[in-house]
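Shown below: protein-v6.pdb, with PDB, C-alpha atoms and all ligand atoms.
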```pdb
ATOM      1  CA  MET A 851       6.178   8.460 -27.484
ATOM      2  CA  ARG A 852       4.487  11.546 -25.967
ATOM      3  CA  PRO A 853       1.219  10.910 -24.133
ATOM      4  CA  LYS A 854      -1.594  13.232 -25.285
ATOM      5  CA  ILE A 855      -3.427  14.711 -22.345
ATOM      6  CA  VAL A 856      -6.108  17.352 -22.023
ATOM      7  CA  VAL A 857      -6.476  19.062 -18.648
ATOM      8  CA  ILE A 858      -9.788  20.740 -17.835
ATOM      9  CA  GLY A 859      -9.541  23.067 -14.866
ATOM     10  CA  SER A 860      -8.608  26.245 -13.082
ATOM     11  CA  LEU A 861      -6.018  28.962 -13.504
ATOM     12  CA  ASN A 862      -5.233  31.112 -10.443
ATOM     13  CA  MET A 863      -2.685  33.697  -9.494
ATOM     14  CA  ASP A 864      -1.275  32.508  -6.142
ATOM     15  CA  LEU A 865      -0.606  35.275  -3.611
ATOM     16  CA  VAL A 866       1.756  33.518  -1.242
ATOM     17  CA  VAL A 867       2.495  35.003   2.186
ATOM     18  CA  GLN A 868       5.126  33.569   4.524
ATOM     19  CA  ALA A 869       4.678  34.065   8.280
ATOM     20  CA  SER A 870       6.073  32.447  11.422
ATOM     21  CA  ARG A 871       2.558  31.365  12.425
ATOM     22  CA  PRO A 872      -1.046  31.904  11.324
ATOM     23  CA  PRO A 873      -2.754  34.934  12.941
ATOM     24  CA  ALA A 874      -5.457  34.255  15.533
ATOM     25  CA  ALA A 875      -8.972  35.594  14.808
ATOM     26  CA  GLY A 876      -8.926  39.403  15.146
ATOM     27  CA  GLU A 877      -5.098  39.520  15.363
ATOM     28  CA  THR A 878      -2.627  41.343  13.060
ATOM     29  CA  ILE A 879       0.855  39.875  12.711
ATOM     30  CA  LEU A 880       3.870  40.823  10.568
ATOM     31  CA  GLY A 881       4.608  38.535   7.644
ATOM     32  CA  GLU A 882       8.060  37.573   6.366
ATOM     33  CA  GLY A 883       7.519  37.808   2.613
ATOM     34  CA  MET A 884       5.002  37.774  -0.215
ATOM     35  CA  GLN A 885       5.167  36.516  -3.801
ATOM     36  CA  PHE A 886       2.788  36.325  -6.753
ATOM     37  CA  VAL A 887       3.253  32.963  -8.468
ATOM     38  CA  PRO A 888       1.272  31.185 -11.215
ATOM     39  CA  GLY A 889      -1.059  28.508  -9.855
ATOM     40  CA  GLY A 890      -4.498  26.927 -10.095
ATOM     41  CA  LYS A 891      -4.850  23.168 -10.012
ATOM     42  CA  GLY A 892      -5.643  22.871 -13.729
ATOM     43  CA  ALA A 893      -2.774  25.066 -14.862
ATOM     44  CA  ASN A 894      -0.352  23.460 -12.383
ATOM     45  CA  GLN A 895      -1.158  19.988 -13.669
ATOM     46  CA  ALA A 896      -0.881  21.119 -17.296
ATOM     47  CA  VAL A 897       2.523  22.741 -16.691
ATOM     48  CA  ALA A 898       3.775  19.695 -14.784
ATOM     49  CA  LEU A 899       2.705  17.423 -17.656
ATOM     50  CA  ALA A 900       4.412  19.628 -20.226
ATOM     51  CA  ARG A 901       7.654  19.605 -18.202
ATOM     52  CA  LEU A 902       7.514  15.807 -18.078
ATOM     53  CA  GLY A 903       7.216  15.755 -21.863
ATOM     54  CA  ALA A 904       3.496  15.178 -22.521
ATOM     55  CA  GLU A 905       1.604  16.842 -25.352
ATOM     56  CA  VAL A 906      -0.851  18.829 -23.258
ATOM     57  CA  ALA A 907      -3.745  21.219 -23.798
ATOM     58  CA  LEU A 908      -5.676  23.124 -21.126
ATOM     59  CA  ILE A 909      -9.373  24.040 -21.217
ATOM     60  CA  GLY A 910     -10.238  26.794 -18.728
ATOM     61  CA  SER A 911     -11.123  30.431 -18.286
ATOM     62  CA  VAL A 912      -9.340  33.638 -17.195
ATOM     63  CA  GLY A 913     -10.251  37.331 -16.966
ATOM     64  CA  LYS A 914      -8.774  40.066 -19.155
ATOM     65  CA  ASP A 915      -6.226  41.391 -16.690
ATOM     66  CA  PHE A 916      -2.593  41.376 -15.655
ATOM     67  CA  PHE A 917      -2.910  38.062 -13.772
ATOM     68  CA  ALA A 918      -4.274  36.416 -16.926
ATOM     69  CA  SER A 919      -1.299  37.593 -19.011
ATOM     70  CA  GLU A 920       1.132  36.187 -16.450
ATOM     71  CA  LEU A 921      -0.691  32.854 -16.268
ATOM     72  CA  LEU A 922      -0.920  32.508 -20.049
ATOM     73  CA  PHE A 923       2.762  33.350 -20.316
ATOM     74  CA  SER A 924       3.635  30.615 -17.814
ATOM     75  CA  LEU A 925       1.595  28.049 -19.793
ATOM     76  CA  GLY A 926       3.163  29.151 -23.067
ATOM     77  CA  THR A 927       6.692  28.968 -21.683
ATOM     78  CA  ALA A 928       6.086  25.408 -20.505
ATOM     79  CA  GLY A 929       4.713  24.431 -23.931
ATOM     80  CA  VAL A 930       1.040  23.956 -22.989
ATOM     81  CA  ASP A 931      -1.522  24.405 -25.811
ATOM     82  CA  ARG A 932      -3.615  27.386 -24.572
ATOM     83  CA  THR A 933      -6.191  27.482 -27.381
ATOM     84  CA  GLY A 934      -8.808  26.087 -24.952
ATOM     85  CA  VAL A 935      -8.345  28.910 -22.432
ATOM     86  CA  LYS A 936     -11.130  31.488 -22.792
ATOM     87  CA  GLU A 937     -10.731  35.145 -21.758
ATOM     88  CA  VAL A 938     -13.851  36.716 -20.217
ATOM     89  CA  GLU A 939     -14.709  40.381 -19.624
ATOM     90  CA  THR A 940     -17.192  39.719 -16.838
ATOM     91  CA  SER A 941     -14.868  38.375 -14.152
ATOM     92  CA  GLY A 942     -11.346  38.807 -12.875
ATOM     93  CA  THR A 943      -8.840  35.951 -13.106
ATOM     94  CA  GLY A 944      -9.053  33.428 -10.254
ATOM     95  CA  ALA A 945      -6.804  34.004  -7.254
ATOM     96  CA  ALA A 946      -5.576  31.871  -4.383
ATOM     97  CA  PHE A 947      -4.480  33.337  -1.058
ATOM     98  CA  ILE A 948      -1.875  31.011   0.380
ATOM     99  CA  LEU A 949      -0.402  31.278   3.854
ATOM    100  CA  LEU A 950       2.818  29.337   4.475
ATOM    101  CA  ALA A 951       3.352  29.041   8.220
ATOM    102  CA  GLU A 952       4.849  26.383  10.513
ATOM    103  CA  GLY A 953       5.598  24.084   7.555
ATOM    104  CA  GLU A 954       1.936  23.928   6.482
ATOM    105  CA  ASN A 955      -0.068  25.791   3.886
ATOM    106  CA  SER A 956      -3.624  27.105   4.131
ATOM    107  CA  ILE A 957      -5.369  28.213   0.959
ATOM    108  CA  ILE A 958      -8.452  30.260   0.146
ATOM    109  CA  VAL A 959      -9.401  30.187  -3.546
ATOM    110  CA  VAL A 960     -11.539  32.926  -5.077
ATOM    111  CA  PRO A 961     -12.663  31.285  -8.353
ATOM    112  CA  GLY A 962     -13.352  34.463 -10.369
ATOM    113  CA  ALA A 963     -13.248  33.590 -14.090
ATOM    114  CA  ASN A 964     -12.869  29.861 -13.335
ATOM    115  CA  ALA A 965     -16.594  29.906 -12.595
ATOM    116  CA  CYS A 966     -17.158  30.914 -16.257
ATOM    117  CA  CYS A 967     -15.793  27.621 -17.616
ATOM    118  CA  THR A 968     -19.028  26.059 -18.884
ATOM    119  CA  PRO A 969     -20.243  22.949 -20.748
ATOM    120  CA  ALA A 970     -20.345  25.147 -23.883
ATOM    121  CA  ASP A 971     -16.558  25.530 -23.598
ATOM    122  CA  ILE A 972     -16.234  21.763 -23.513
ATOM    123  CA  ASP A 973     -18.327  21.522 -26.697
ATOM    124  CA  ALA A 974     -16.252  24.280 -28.299
ATOM    125  CA  HIS A 975     -13.054  22.321 -27.662
ATOM    126  CA  MET A 976     -14.293  18.769 -28.168
ATOM    127  CA  LYS A 977     -11.542  18.292 -30.752
ATOM    128  CA  LEU A 978      -8.909  18.622 -28.013
ATOM    129  CA  ILE A 979     -10.681  15.859 -26.069
ATOM    130  CA  GLN A 980     -11.042  13.694 -29.182
ATOM    131  CA  ASN A 981      -7.301  13.986 -29.828
ATOM    132  CA  ALA A 982      -6.270  13.081 -26.273
ATOM    133  CA  ASP A 983      -5.570   9.703 -24.667
ATOM    134  CA  ILE A 984      -6.326  10.925 -21.165
ATOM    135  CA  VAL A 985      -8.604  13.630 -19.732
ATOM    136  CA  LEU A 986      -7.528  15.030 -16.343
ATOM    137  CA  LEU A 987      -9.868  17.197 -14.247
ATOM    138  CA  GLN A 988     -10.100  18.798 -10.808
ATOM    139  CA  MET A 989     -12.893  20.594  -8.935
ATOM    140  CA  GLU A 990     -12.039  24.313  -9.111
ATOM    141  CA  ILE A 991     -14.430  24.847 -12.038
ATOM    142  CA  PRO A 992     -18.213  24.340 -11.823
ATOM    143  CA  LEU A 993     -19.340  20.803 -10.985
ATOM    144  CA  GLU A 994     -21.761  20.942 -13.935
ATOM    145  CA  THR A 995     -18.796  21.416 -16.297
ATOM    146  CA  VAL A 996     -16.747  18.647 -14.662
ATOM    147  CA  SER A 997     -19.725  16.322 -14.968
ATOM    148  CA  TYR A 998     -20.420  17.270 -18.594
ATOM    149  CA  ALA A 999     -16.773  16.937 -19.652
ATOM    150  CA  THR A1000     -16.320  13.631 -17.855
ATOM    151  CA  GLN A1001     -19.360  12.093 -19.508
ATOM    152  CA  ALA A1002     -18.326  13.398 -22.932
ATOM    153  CA  ALA A1003     -14.799  12.011 -22.460
ATOM    154  CA  LYS A1004     -16.172   8.620 -21.463
ATOM    155  CA  ARG A1005     -18.459   8.510 -24.508
ATOM    156  CA  LEU A1006     -15.340   9.086 -26.622
ATOM    157  CA  GLY A1007     -13.612   6.169 -24.868
ATOM    158  CA  LYS A1008     -10.976   8.284 -23.101
ATOM    159  CA  THR A1009      -9.318   7.436 -19.795
ATOM    160  CA  VAL A1010     -10.654   9.875 -17.196
ATOM    161  CA  ILE A1011      -8.741  10.943 -14.079
ATOM    162  CA  LEU A1012     -10.531  13.153 -11.552
ATOM    163  CA  ASN A1013      -8.543  14.826  -8.805
ATOM    164  CA  PRO A1014     -11.482  15.714  -6.510
ATOM    165  CA  ALA A1015      -9.996  18.864  -4.977
ATOM    166  CA  PRO A1016     -11.525  20.826  -3.384
ATOM    167  CA  ALA A1017     -13.860  17.964  -2.501
ATOM    168  CA  GLN A1018     -17.634  17.939  -2.542
ATOM    169  CA  LYS A1019     -20.118  15.108  -2.750
ATOM    170  CA  LEU A1020     -20.244  13.833  -6.354
ATOM    171  CA  PRO A1021     -23.296  12.481  -8.203
ATOM    172  CA  ASP A1022     -23.288   8.780  -9.147
ATOM    173  CA  GLU A1023     -23.541   9.511 -12.885
ATOM    174  CA  LEU A1024     -20.219  11.364 -12.615
ATOM    175  CA  LEU A1025     -18.541   8.739 -10.427
ATOM    176  CA  ALA A1026     -19.539   6.039 -12.932
ATOM    177  CA  CYS A1027     -17.451   7.756 -15.655
ATOM    178  CA  ILE A1028     -14.237   7.966 -13.631
ATOM    179  CA  ASP A1029     -11.396   5.571 -14.270
ATOM    180  CA  TYR A1030      -9.039   6.974 -11.625
ATOM    181  CA  LEU A1031     -10.196   9.071  -8.640
ATOM    182  CA  THR A1032      -7.353  10.594  -6.616
ATOM    183  CA  PRO A1033      -8.550  12.072  -3.300
ATOM    184  CA  ASN A1034      -6.342  12.744  -0.291
ATOM    185  CA  GLU A1035      -7.559  11.367   3.055
ATOM    186  CA  THR A1036      -9.679  14.403   3.945
ATOM    187  CA  GLU A1037     -11.273  14.505   0.502
ATOM    188  CA  LEU A1038     -11.994  10.770   0.670
ATOM    189  CA  VAL A1039     -14.099  11.245   3.824
ATOM    190  CA  ILE A1040     -16.146  14.025   2.160
ATOM    191  CA  LEU A1041     -16.689  11.987  -1.021
ATOM    192  CA  ALA A1042     -17.564   8.792   0.844
ATOM    193  CA  ASP A1043     -20.420  10.224   2.926
ATOM    194  CA  GLY A1044     -18.307  10.714   6.053
ATOM    195  CA  GLN A1045     -17.013   7.093   6.112
ATOM    196  CA  ALA A1046     -14.048   7.432   8.467
ATOM    197  CA  GLY A1047     -12.171   4.215   7.584
ATOM    198  CA  LEU A1048      -9.740   4.360   4.662
ATOM    199  CA  GLU A1049     -10.722   1.105   2.946
ATOM    200  CA  GLU A1050     -14.433   1.553   3.752
ATOM    201  CA  GLY A1051     -14.327   4.996   2.119
ATOM    202  CA  ILE A1052     -12.571   3.617  -0.952
ATOM    203  CA  ASP A1053     -15.071   0.730  -1.184
ATOM    204  CA  THR A1054     -18.007   3.164  -1.052
ATOM    205  CA  LEU A1055     -16.626   4.982  -4.108
ATOM    206  CA  LEU A1056     -15.840   1.764  -5.981
ATOM    207  CA  ALA A1057     -19.420   0.617  -5.329
ATOM    208  CA  SER A1058     -20.650   3.904  -6.861
ATOM    209  CA  GLY A1059     -18.925   3.050 -10.133
ATOM    210  CA  VAL A1060     -15.356   4.441  -9.926
ATOM    211  CA  ARG A1061     -12.923   1.966 -11.486
ATOM    212  CA  HIS A1062      -9.862   2.709  -9.350
ATOM    213  CA  VAL A1063      -9.431   4.872  -6.218
ATOM    214  CA  ILE A1064      -5.946   6.168  -5.449
ATOM    215  CA  THR A1065      -5.793   7.879  -2.049
ATOM    216  CA  THR A1066      -2.729   9.996  -1.355
ATOM    217  CA  LEU A1067      -1.441   9.880   2.237
ATOM    218  CA  GLY A1068       1.374  12.471   2.128
ATOM    219  CA  ALA A1069       4.794  11.096   3.080
ATOM    220  CA  GLN A1070       3.144   7.729   3.848
ATOM    221  CA  GLY A1071       2.569   7.222   0.138
ATOM    222  CA  VAL A1072      -0.625   5.965  -1.419
ATOM    223  CA  ALA A1073      -3.458   3.481  -0.779
ATOM    224  CA  SER A1074      -4.744   2.163  -4.085
ATOM    225  CA  LYS A1075      -7.640  -0.145  -4.883
ATOM    226  CA  GLN A1076      -9.113  -1.235  -8.167
ATOM    227  CA  ARG A1077     -12.654  -2.661  -8.318
ATOM    228  CA  GLY A1078     -12.571  -6.380  -7.487
ATOM    229  CA  GLN A1079      -8.971  -6.316  -6.214
ATOM    230  CA  GLN A1080      -7.125  -6.020  -2.881
ATOM    231  CA  LEU A1081      -6.017  -2.714  -1.325
ATOM    232  CA  GLU A1082      -2.376  -1.991  -2.133
ATOM    233  CA  ARG A1083      -0.056   0.397  -0.304
ATOM    234  CA  ILE A1084       2.663   2.102  -2.302
ATOM    235  CA  PRO A1085       5.276   3.904  -0.184
ATOM    236  CA  GLY A1086       6.182   7.569  -0.702
ATOM    237  CA  TYR A1087       9.484   9.362  -0.123
ATOM    238  CA  ARG A1088      10.698  11.211   2.966
ATOM    239  CA  VAL A1089      12.356  14.315   1.519
ATOM    240  CA  PRO A1090      13.194  17.792   2.838
ATOM    241  CA  VAL A1091      10.103  19.941   2.286
ATOM    242  CA  VAL A1092      10.215  23.560   1.114
ATOM    243  CA  ASP A1093       6.598  24.028  -0.029
ATOM    244  CA  THR A1094       3.826  21.446  -0.319
ATOM    245  CA  THR A1095       1.627  23.723  -2.482
ATOM    246  CA  GLY A1096       0.985  21.839  -5.717
ATOM    247  CA  ALA A1097       2.216  18.466  -4.395
ATOM    248  CA  GLY A1098      -1.139  16.922  -5.324
ATOM    249  CA  ASP A1099      -0.940  18.529  -8.758
ATOM    250  CA  ALA A1100       2.539  17.094  -9.320
ATOM    251  CA  PHE A1101       1.246  13.654  -8.265
ATOM    252  CA  ASN A1102      -1.742  13.788 -10.622
ATOM    253  CA  ALA A1103       0.393  14.962 -13.518
ATOM    254  CA  GLY A1104       2.905  12.174 -12.880
ATOM    255  CA  LEU A1105       0.108   9.618 -12.721
ATOM    256  CA  ALA A1106      -1.504  10.840 -15.962
ATOM    257  CA  TYR A1107       1.854  10.936 -17.736
ATOM    258  CA  ALA A1108       2.836   7.392 -16.758
ATOM    259  CA  LEU A1109      -0.632   5.956 -17.498
ATOM    260  CA  GLY A1110      -0.481   7.752 -20.843
ATOM    261  CA  LEU A1111       2.750   5.905 -21.573
ATOM    262  CA  GLY A1112       0.866   2.661 -20.947
ATOM    263  CA  LYS A1113       2.446   1.886 -17.558
ATOM    264  CA  PRO A1114       0.418  -0.340 -15.187
ATOM    265  CA  PRO A1115      -1.225   1.544 -12.278
ATOM    266  CA  GLY A1116       1.309   0.424  -9.619
ATOM    267  CA  GLU A1117       4.234   1.715 -11.688
ATOM    268  CA  ALA A1118       2.360   4.897 -12.584
ATOM    269  CA  ILE A1119       1.715   5.593  -8.883
ATOM    270  CA  SER A1120       5.400   5.062  -7.991
ATOM    271  CA  PHE A1121       6.376   7.495 -10.740
ATOM    272  CA  ALA A1122       3.766  10.021  -9.517
ATOM    273  CA  ASN A1123       5.177   9.760  -5.973
ATOM    274  CA  LYS A1124       8.603  10.702  -7.345
ATOM    275  CA  VAL A1125       7.271  13.709  -9.265
ATOM    276  CA  ALA A1126       5.572  14.944  -6.066
ATOM    277  CA  ALA A1127       8.702  14.309  -3.965
ATOM    278  CA  VAL A1128      10.810  16.518  -6.253
ATOM    279  CA  ALA A1129       8.117  19.220  -6.399
ATOM    280  CA  VAL A1130       7.840  19.650  -2.600
ATOM    281  CA  GLY A1131      11.553  20.428  -2.418
ATOM    282  CA  ARG A1132      10.964  23.718  -4.255
ATOM    283  CA  PHE A1133       8.963  26.892  -3.750
ATOM    284  CA  GLY A1134       5.779  27.674  -5.718
ATOM    285  CA  ALA A1135       3.178  25.460  -7.334
ATOM    286  CA  GLN A1136       4.075  25.759 -11.028
ATOM    287  CA  LEU A1137       7.620  26.920 -10.317
ATOM    288  CA  GLY A1138       8.359  23.668  -8.501
ATOM    289  CA  MET A1139       7.235  21.206 -11.186
ATOM    290  CA  PRO A1140      10.167  19.015 -12.315
ATOM    291  CA  THR A1141      11.270  17.932 -15.769
ATOM    292  CA  LEU A1142      11.450  14.228 -16.632
ATOM    293  CA  GLU A1143      15.227  14.393 -16.368
ATOM    294  CA  GLU A1144      14.989  15.733 -12.797
ATOM    295  CA  VAL A1145      12.588  12.947 -11.820
ATOM    296  CA  VAL A1146      14.926  10.328 -13.312
ATOM    297  CA  ARG A1147      17.859  11.851 -11.409
ATOM    298  CA  PHE A1148      15.838  11.744  -8.168
ATOM    299  CA  SER A1149      14.922   8.126  -8.828
ATOM    300  CA  GLU A1150      18.569   7.173  -9.395
ATOM    301  CA  SER A1151      19.650   8.936  -6.205
ATOM    302  CA  CYS A1152      17.019   6.940  -4.240
ATOM    303  CA  GLU A1153      18.324   3.656  -5.676
ATOM    304  CA  GLN A1154      21.892   4.586  -4.717
ATOM    305  CA  SER A1155      21.123   5.590  -1.104
ATOM    306  CA  PRO A1156      21.225   2.669   1.385
TER     307      PRO A1156
HETATM  308  O1  LIG B   1      -3.029  22.711  -5.679
HETATM  309  C1  LIG B   1      -2.412  23.946  -5.438
HETATM  310  C2  LIG B   1      -3.230  25.038  -6.018
HETATM  311  O2  LIG B   1      -4.455  25.129  -5.323
HETATM  312  C3  LIG B   1      -2.624  26.416  -5.898
HETATM  313  O3  LIG B   1      -1.772  26.728  -6.961
HETATM  314  C4  LIG B   1      -3.823  27.322  -5.796
HETATM  315  O4  LIG B   1      -4.017  28.120  -6.911
HETATM  316  C5  LIG B   1      -5.005  26.387  -5.547
HETATM  317  O5  LIG B   1      -5.768  26.276  -6.666
END
```
Would you mind writing the structure in this file as structure tokens?
Amino acid sequence: MRPKIVVIGSLNMDLVVQASRPPAAGETILGEGMQFVPGGKGANQAVALARLGAEVALIGSVGKDFFASELLFSLGTAGVDRTGVKEVETSGTGAAFILLAEGENSIIVVPGANACCTPADIDAHMKLIQNADIVLLQMEIPLETVSYATQAAKRLGKTVILNPAPAQKLPDELLACIDYLTPNETELVILADGQAGLEEGIDTLLASGVRHVITTLGAQGVASKQRGQQLERIPGYRVPVVDTTGAGDAFNAGLAYALGLGKPPGEAISFANKVAAVAVGRFGAQLGMPTLEEVVRFSESCEQSP
């Protein structure tokens, strides 16, 4: 069985610069390398899902430029249905400026054409949503569109996963339509009105109508709580890290894939942790997304190690 998933979100060209350290304000330093790699949270999650074996379509927006051709090519090669990706004349394709230094990444996203993904595009591609089991969204397209799509998906009885990155405060009518909300710790604080405590933050969101909050804690794994149940901690994996860009995207894709197969949330989260663990061992957001076979191999190697 192949889960049917529609991803609604961004496409960016990632301009990745490696340096020994970040420059101080007003300082120029020499970098160690630069690459252009396909990215954008929406496109990354769609590619990751396709590699895992899902039937996946992406709704989004690009410019009419060289970056767009490269991004569409990457989606096509992975097997993502691109019929929902609109090309606009009025804006350049989105870009992300990523600095890899001292084992961390810092990212500035310039949305460009992603800002042109509107509620009308959701209406134009409602068939893709109707045909899907799960709708997966992030926050690199306008909030109005995320809100519109989420409410439409809910009306159609779909399972909705929102990866609230980059985070901003969300209206209650949107939160009430979300089955799974997947912030990291920093995003959780922004979403939960500055609540500093992990469980307090999660409870604030559950009280606003979210059905299940899954907070990713990096190598420490995940804190997960469903409305009316206890907080659960699901451990992650300590693996050698090459590039954490797209780790969250790998996690969300893994989660959507496993839920789409009908796995219970705890099992789906464990699977998502494995997808992310394999992805961080490789360079580049989309480039690093593993196939199902690679995730299974990783899982077997974990069971064998003492
Ligand atoms: O989640 C990683 C992604 O965030 C990058 O690919 C970059 O494009 C930004 O959107």
Could you tell me how far CA of Ala945 (chain A) lies from CA of Leu865 (chain A), in Å and to one decimal?
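Distance reported for this atom pair: 7.3 Å.
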Distance criterion (only C-alpha atoms and all ligand atoms): nearest to ligand LIG 1 (chain B) out of A:Asp1043, A:Glu1117, A:Asp1093, A:Glu1023:
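Closest to ligand LIG 1 (chain B), using only C-alpha atoms and all ligand atoms: A:Asp1093.
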Go ahead and compute the interatomic distance for CA of Ala1106 (chain A) and CA of Ser1120 (chain A), in Å to one decimal.
12.0 Å
Please extract the residues at most 6 Å from ligand LIG 1 (chain B), counting only C-alpha atoms and all ligand atoms, and provide them as an MDAnalysis selection string, using the chain letters and residue numbers of this document.
chainID A and resid 862 864 889:891 946 1095:1096 1099 1135
Have a look at CA of Tyr998 (chain A) and CA of Asn1034 (chain A) and let me know their distance in Å, one decimal.
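Calculated distance between CA of Tyr998 (chain A) and CA of Asn1034 (chain A) is 23.5 Å.
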Can you tell me which residues surround region 961-969 of chain A at a distance of at most 6 Å, considering only C-alpha atoms, apart from same-chain residues fewer than 5 positions away, and format the answer as a CSV table (one decimal) with C-alpha atoms, keeping the file's coordinate frame?
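Here's the written file out.csv:
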```csv
chain,number,residue,atom,x,y,z
A,860,SER,CA,-8.6,26.2,-13.1
A,910,GLY,CA,-10.2,26.8,-18.7
A,911,SER,CA,-11.1,30.4,-18.3
A,912,VAL,CA,-9.3,33.6,-17.2
A,913,GLY,CA,-10.3,37.3,-17.0
A,941,SER,CA,-14.9,38.4,-14.2
A,942,GLY,CA,-11.3,38.8,-12.9
A,943,THR,CA,-8.8,36.0,-13.1
A,944,GLY,CA,-9.1,33.4,-10.3
A,991,ILE,CA,-14.4,24.8,-12.0
A,992,PRO,CA,-18.2,24.3,-11.8
A,995,THR,CA,-18.8,21.4,-16.3
```
Residue IDs satisfying the PyMOL selection byres (((chain A and resi 1104) around 12) and not hetatm), as a PyMOL selection string:
chain A and resi 853+855+894-904+986+1011+1097-1103+1105-1111+1113+1115+1117-1129+1139-1142+1145
To verify the selection step, state as a PyMOL selection string which residues the PyMOL selection byres (((chain A and resi 1066) around 8) and not hetatm) yields on this input.
chain A and resi 1032-1035+1064-1065+1067-1068+1071-1073
Save out the residues we just selected, C-alpha atoms, as a compact mmCIF listing (two decimals), in the coordinates of the input.
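Result written to out.txt:
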```txt
# COMPACT_ATOMS: atom_id res chain seq x y z
CA THR A 1032 -7.35 10.59 -6.62
CA PRO A 1033 -8.55 12.07 -3.30
CA ASN A 1034 -6.34 12.74 -0.29
CA GLU A 1035 -7.56 11.37 3.06
CA ILE A 1064 -5.95 6.17 -5.45
CA THR A 1065 -5.79 7.88 -2.05
CA LEU A 1067 -1.44 9.88 2.24
CA GLY A 1068 1.37 12.47 2.13
CA GLY A 1071 2.57 7.22 0.14
CA VAL A 1072 -0.62 5.96 -1.42
CA ALA A 1073 -3.46 3.48 -0.78
```
Compile the contact shell of Ser1151 (chain A) as a PyMOL selection string: residues with an atom at most 12 Å away, counting all atoms listed in the file, same-chain residues fewer than 4 positions apart removed.
chain A and resi 1087+1089+1124+1128+1144-1147+1155-1156
Store the residues picked out above in a file with C-alpha atoms, as an mmCIF file, keeping the file's coordinate frame.
```cif
data_model
loop_
_atom_site.group_PDB
_atom_site.id
_atom_site.type_symbol
_atom_site.label_atom_id
_atom_site.label_comp_id
_atom_site.auth_asym_id
_atom_site.auth_seq_id
_atom_site.Cartn_x
_atom_site.Cartn_y
_atom_site.Cartn_z
ATOM 1 C CA TYR A 1087 9.484 9.362 -0.123
ATOM 2 C CA VAL A 1089 12.356 14.315 1.519
ATOM 3 C CA LYS A 1124 8.603 10.702 -7.345
ATOM 4 C CA VAL A 1128 10.810 16.518 -6.253
ATOM 5 C CA GLU A 1144 14.989 15.733 -12.797
ATOM 6 C CA VAL A 1145 12.588 12.947 -11.820
ATOM 7 C CA VAL A 1146 14.926 10.328 -13.312
ATOM 8 C CA ARG A 1147 17.859 11.851 -11.409
ATOM 9 C CA SER A 1155 21.123 5.590 -1.104
ATOM 10 C CA PRO A 1156 21.225 2.669 1.385
#
```
Option closest in space to Gln1070 (chain A), from A:Ala970, A:Arg1083, A:Ile858, A:Leu987 [counting all atoms listed in the file]
A:Arg1083
Could you tell me which of A:Leu993, A:Ile948, A:Val906, A:Val935 comes closest to Ala869 (chain A) if we count all atoms listed in the file?
A:Ile948
